[in-house]
Amino acid sequence: MVDWSICSIRPVHAGFDAGIFYFKMANNYIATAHPSALVKFSAFGHFVNDKQQHLLTVKSRSLELFALEGEELVELKKLPIPCTVTGFWSFRPKNHGKDVVVVLSRGNELAVFELMSDLVNGIKIQTRWTGKFPAPEELKMEPLAVFHPEQRFMCLALYAQRLEIVEFSADLKTLKCFPIRYPSTDGSRILGMDFLSRPGSAASDSMLAVLQTTRLGHSLAFCNLNIKTKEKEKPVSTYSKLDPEVSLMLAIPGNDVVPPGAIAIGNSTIQYSNTSKQPVSVASPFLTKIVVTAHCVLFKDPVTGVISYLLGGADGRLVLVVVRLNTKPSPAPLTSDAKWKACRINVEFIGVATAAQTLTVVGHGLVYLGAATGPVSLLIKLREASRNPETKFYYDILQTFTGLGSILELHVVRNVEKQSLEQASLLAVTADTFGKGLTIVRNSINLQDPVDVPVSGMQKAWVTSSPESAGTTSRTFVLSDFTSTCCCTLDKDDFCETDPGGDLILTSRTILFHQLSDSLCLQVISSAVRLLKWPQFELVQEWRMENLAITVASLLKHVLVVANGRTIHMLHITSNAILPLRTHTCTNEICALELFADHAGDQFIATGEWITSNVSIIQCSTMALIQENIQPTGDVLPRSLMFCRFSEEISYFFVGRGDGNVDYFIFDETNKEMTEHKRIPLGTRLVTFIKFRAQGQVNVFACSDRPSVISCRNGKLLFSNVNIRDAVDVCPFEVTGDLSSSDDLMVVRESSISMGHLEDIQKIHFIPQHLGFQVFRLSLDAESPTVAAIGDKKDCRSNKFAIHKSPECVDERLLYILDRHSFEIITTFQSADAMDCLSCLCHWRVAGRSFLVVGTETERQIPDRTEKKGDGLEKKWNGHLIVLELINDKLQIIYTYTTTEESVRNVASYGDLLLAATDNALLTFEWLGHQLDEPNRLETGGSLNCHLDVVDDTVSLILHHAHVSVRLIFVCLAICLSLSNLIVYLFAGHAGRCPKIRCFGQIQLDHESIRSDRH
C-alpha cells in the first residue's frame, strides 16, 4: 500500500465495482470503502423448510437469507460461500420437500447447496454435490440453465454447440452429467432457452425453446430433448423473422387450444411464436432501446394461458408484459389474413426505479429489485389501478437496502452534514440511473435533528415514567449538577423546569436516581439513600451513614452498592424498606463502582481505586476478592466501569480512564475472571459509560470529548463516533413509554442539553443523495461552502420514459453548484457552444480569489484536404478552458482559453499553477490577474492523458499510448512531478495478467523548473 496523503481517488477507467480503497489522510487514519454489497442474484422459495418461504440473495461471496414479515423483509442470516458466483438458480426436485440451490462459480465449477437448520448451529449450508466442467474452447458464453418442471434434471449451456444435461438422484447426493450436441453454424451463440409445458402433458416431454443468434440473424427454435437416447431431435418449428436487436426470450405455456411457445423482446417490439408456427408481433414505445437486465413472472394461469412478466431495464425502466392465449379454436383452414390470433400481448409502463440485476416476487404484488450497479435495492409493491401521487408511477417503495454502486470518483470530505462535530467522510460519485449519483460513506452515527436547550453545569440525567404518562409525549427528567438537583418536563417541544414537591432532595447533588416500579423510586445523595413513592415523592425510608459521605453507587435490579471512602455497603431495596446486607473494606479509596451478575445469577462488584488505579473484582456472596488488579499496567485513574452482555454468548467489561483511553475485557464465566485485555483511545478527557437499547440491541454510549457508541455485531466490537461534542452524560428515553428500546437520547453537555433520535447503529452508513441527475465529475474546496459537479440534465433520466423526453437530453452535460451540506442546487452553467461537452473541473485559489476551472471537449468534422475517404470529412477535437467565479450565487465567466486540435481531458491546481492534461501534452498556466498566461507545454509523445491529480506537492499524470504491440492490452506512463524529481514509470500488462512496473527514468528538477521551458 502506497503511503499517500490524498483528498480524492479517481480510477483511470470509467467505473468499477465497489471494492476497497486504501489511503492515508492527514490525521493518519486509514479509510476504506465497504466491500461490494450489491446483489447479483435472488430467489424466493422454501429453502429452510416446507412451511415458510424465504428470500435468498447472492452477493459477491455471501448468501443472505430474509424472512417476509408482513410487508417488510427481515435479515435472518448471512452465509459466506467460498467462491465467486457467476450463475445461480433454485428449483425444487420432484418429491423433494425443499428448494435446492445450484451455483456456478468461476472455472465452470458447479455445486448443489441445501440450507439446513438445527437448534445448535442454526442455519448453515450443506453441500450436496460439486463438479467441474472443462473450460469451453469453442466460444465463451454466458452461463444459461433451465430446469425441467417434472423431471429431476437441468439443462446447462456453457458451450457453443453442446448442452450439458445434469440429472439429479433422489437424495441429491449423486449427479449424472452427459452432453447433448446442439448443431449450429459457425459464430452462433445461444441467447436464451427454457423448457415448455402445457396442461396434461406427459412427464417425459422435454420441449426446449432456444433463442439463437447467427451470422444470418436471430432465430427461435423449438426442439425435443430425448433424455433416454441422449440426443436432440429435429426441431419441431423454427421462426427466423426476428428483430435483429432481440436480446431476451421468455417461455409462454400453452393451453388446450394454443400450443406452448415463446416471446422474444427486441427494440420496441415483442414477437411471439409457438410450435405450430403461429407468429404474433406487437410494437410498444415503452420498449424503445431497452436492454432487459432482469425479469420475473408476476402471474401465471396454466389453464387459461395467461401469463405476465415484469421486465427491468438497464436504464431503470419497469415494464409489464401480459400475454393472453386465445381460448377459441382457430378456423380451418387458417388463412394469412384471418383475424384469429394465437394470443394478445399488452405492454404497460410501470415506472422508473433502480437498475435491477434481479427481480423476484416475494408476495402478492411485492417485488424485490436487486441492484448490481447501486446504490439501493428495493422492495416495492405494485399498484393495481391508480398511480403514486408523488412519483406518478404504478408502484410504492416499501423498503430500501442501501449499497454502493460502481465508483467513478471518491473524495474525502469533512463535516458533510452540518453538525456540531467535524467528521471525516467519503463522498463517492457512483454510476446510477435513479438520480442518486452521490453517496456519503461514513462509519459514524448521527444524532438526527438535535434540539439544544441552553442549560449549563449539569452532570447527570435520569428519565421517569408512570402509567398516567404512558403512551404520551410527556416525560419527567431528574437532572443534577455538582451541588443541586432539579426536575424538568419534556412535552413535545416544550422543555421546562418544574417543582416536584414532596420529599425529593433538591439542595444536594444526586449521585443515582432510578424508578424501581410504577410506585417507587430511589434517590442516592452524598448523605443518604432515600426510598420514595412515585410520583408524589413521599419518603418511605432513609438509610444514612454517620460522618461519612457516599461517593459512588451502582444498582442492579433491587440490590444497591454504595461506597464511602474505602468501605463498600451492599443494600437490598424492598417495597417499603432498605435492608443492609454486607460490607467490604478495600485497601484504598474507591473512585468507581459497578455491580453486575453472570448467567448463573452470581453477583460481583468491580471497584476502581484512587491511589493505585487498580480495578478489582469482588464476589458478592462472600465479599471476597477473586481477581485483584485485572490490569497491572494501569497508570491513569479509572473513572467509570461498565459490564455489558451484548448477547447470551458475549459479555464485555469496560474501564474508562481519565485520559480518554478505554480498556475492555471479555468476562470468563467459567473461571470468573477478566481476560483478553485490549485498549482503545476514544478521546482526550475522562470516559463514562451508559447502557441503552436501540433497534432491539444492547449498546454502550461512551461519553467524552469525542463521544462514541460501542456495539457488538457478529461477535466483534464496533466503536462508532457520534456527531456531537463534549458529552458528559446520556439519558435514553422513549416517547411511547417503553424504556426497553430507546432510540431517543438526551445528551448532557457542558453548556446545553441536546435531544434527538439516534440513527441506525451499523458499521458503515451509505447515504445516497437524491440529486435527480447523474454526476460524472466532482470538485470540492475545503474553504468553500459549495460543491461543483458535472452531470446530465436534472430529472431527464427519471422522467424520460414517463413523459417521452428526447433521449439526447441525457448526453447534454451541465455544471451544477451544490450546497455542501444539503446538496441543493444553487446555480447551473451550460456552455454557449452546443457542441461542447464538459469533461473535467477543479477549484483553483490564486491571488486571493477562488476560481472554478472547467475543461471541455468538442468533436468537429472538417473537410479532409489530403485524401477523400468516405464522406470526405475528418474528425477533429478542440477544447476549452473556462475560468469561472461564483459571485452572489451566480457563475460568471472570467476567461476562456482554447486548445486547438486537442481536447482537455483533466485539470488540476498546483499551488499558483493550473495544470491541464490534453490529448498530447501537459499544459501549465499562471494567472496574470485578468487572464491565463501562455502555457508551458510538456509533450507526451502522442499519448492520451487519462488521469491527472495533485497529492500534496506531487503531481501524478497517467498516459495511455496508442502505438503499442497487438499483444499488449495497455501501455501507460505514470509521471510524478515532485519538488525535486520527475519519475517516469512504464506499466505493461498482458491479457489476464497483472501489470509489470518498470522505472523508466528519473530526472532531477527544482521547483522553478516546472514554471520554465526546461521541461
# chains A, B, ... in the order shown; residues from 1 in each chain; ligands from 1
$ closest_atom_pairs --of "range 338-403 of chain A" --to "range 290-308 of chain A" --cutoff "8 Å" --atoms "only C-alpha atoms" --output "JSON lines"
{"residue": "A:Ala356", "atom": "CA", "partner": "A:Ala294", "partner_atom": "CA", "distance": 6.2}
{"residue": "A:Gln357", "atom": "CA", "partner": "A:Ala294", "partner_atom": "CA", "distance": 5.4}
{"residue": "A:Thr358", "atom": "CA", "partner": "A:Ala294", "partner_atom": "CA", "distance": 4.9}
{"residue": "A:Leu359", "atom": "CA", "partner": "A:His295", "partner_atom": "CA", "distance": 5.6}
{"residue": "A:Thr360", "atom": "CA", "partner": "A:Cys296", "partner_atom": "CA", "distance": 6.0}
{"residue": "A:Val361", "atom": "CA", "partner": "A:Leu298", "partner_atom": "CA", "distance": 6.7}
{"residue": "A:Gly365", "atom": "CA", "partner": "A:Leu298", "partner_atom": "CA", "distance": 7.9}
$ residues_around --residues "Ser508 in chain A" --least-positions-apart "3" --cutoff "7 Å" --atoms "only C-alpha atoms" --output "MDAnalysis selection string"
chainID A and resid 483:485 505 525
$ atom_distance --atom1 "CA of Gly131 in chain A" --atom2 "CA of Ile227 in chain A"
20.4 Å
$ residues_around --residues "Met545 in chain A" --least-positions-apart "4" --cutoff "9 Å" --atoms "only C-alpha atoms" --output "list of chain:residue names"
A:Ser527, A:Ala528, A:Ala549, A:Ile550, A:Asn564
$ write_last_selection --atoms "N, CA and C atoms" --output "short mmCIF file (atom, residue, chain, number, x, y, z; two decimals), in the first residue's frame"
data_model
loop_
_atom_site.label_atom_id
_atom_site.label_comp_id
_atom_site.auth_asym_id
_atom_site.auth_seq_id
_atom_site.Cartn_x
_atom_site.Cartn_y
_atom_site.Cartn_z
N SER A 527 -25.32 12.07 51.40
CA SER A 527 -25.52 11.80 52.84
C SER A 527 -26.48 10.66 53.12
N ALA A 528 -27.25 10.17 52.13
CA ALA A 528 -28.26 9.16 52.44
C ALA A 528 -28.71 8.47 51.18
N ALA A 549 -19.53 10.35 53.74
CA ALA A 549 -20.30 10.75 52.55
C ALA A 549 -20.17 9.68 51.48
N ILE A 550 -21.30 9.43 50.80
CA ILE A 550 -21.32 8.48 49.69
C ILE A 550 -20.70 9.15 48.46
N ASN A 564 -18.22 4.67 50.46
CA ASN A 564 -17.77 5.89 51.12
C ASN A 564 -16.35 5.65 51.60
#
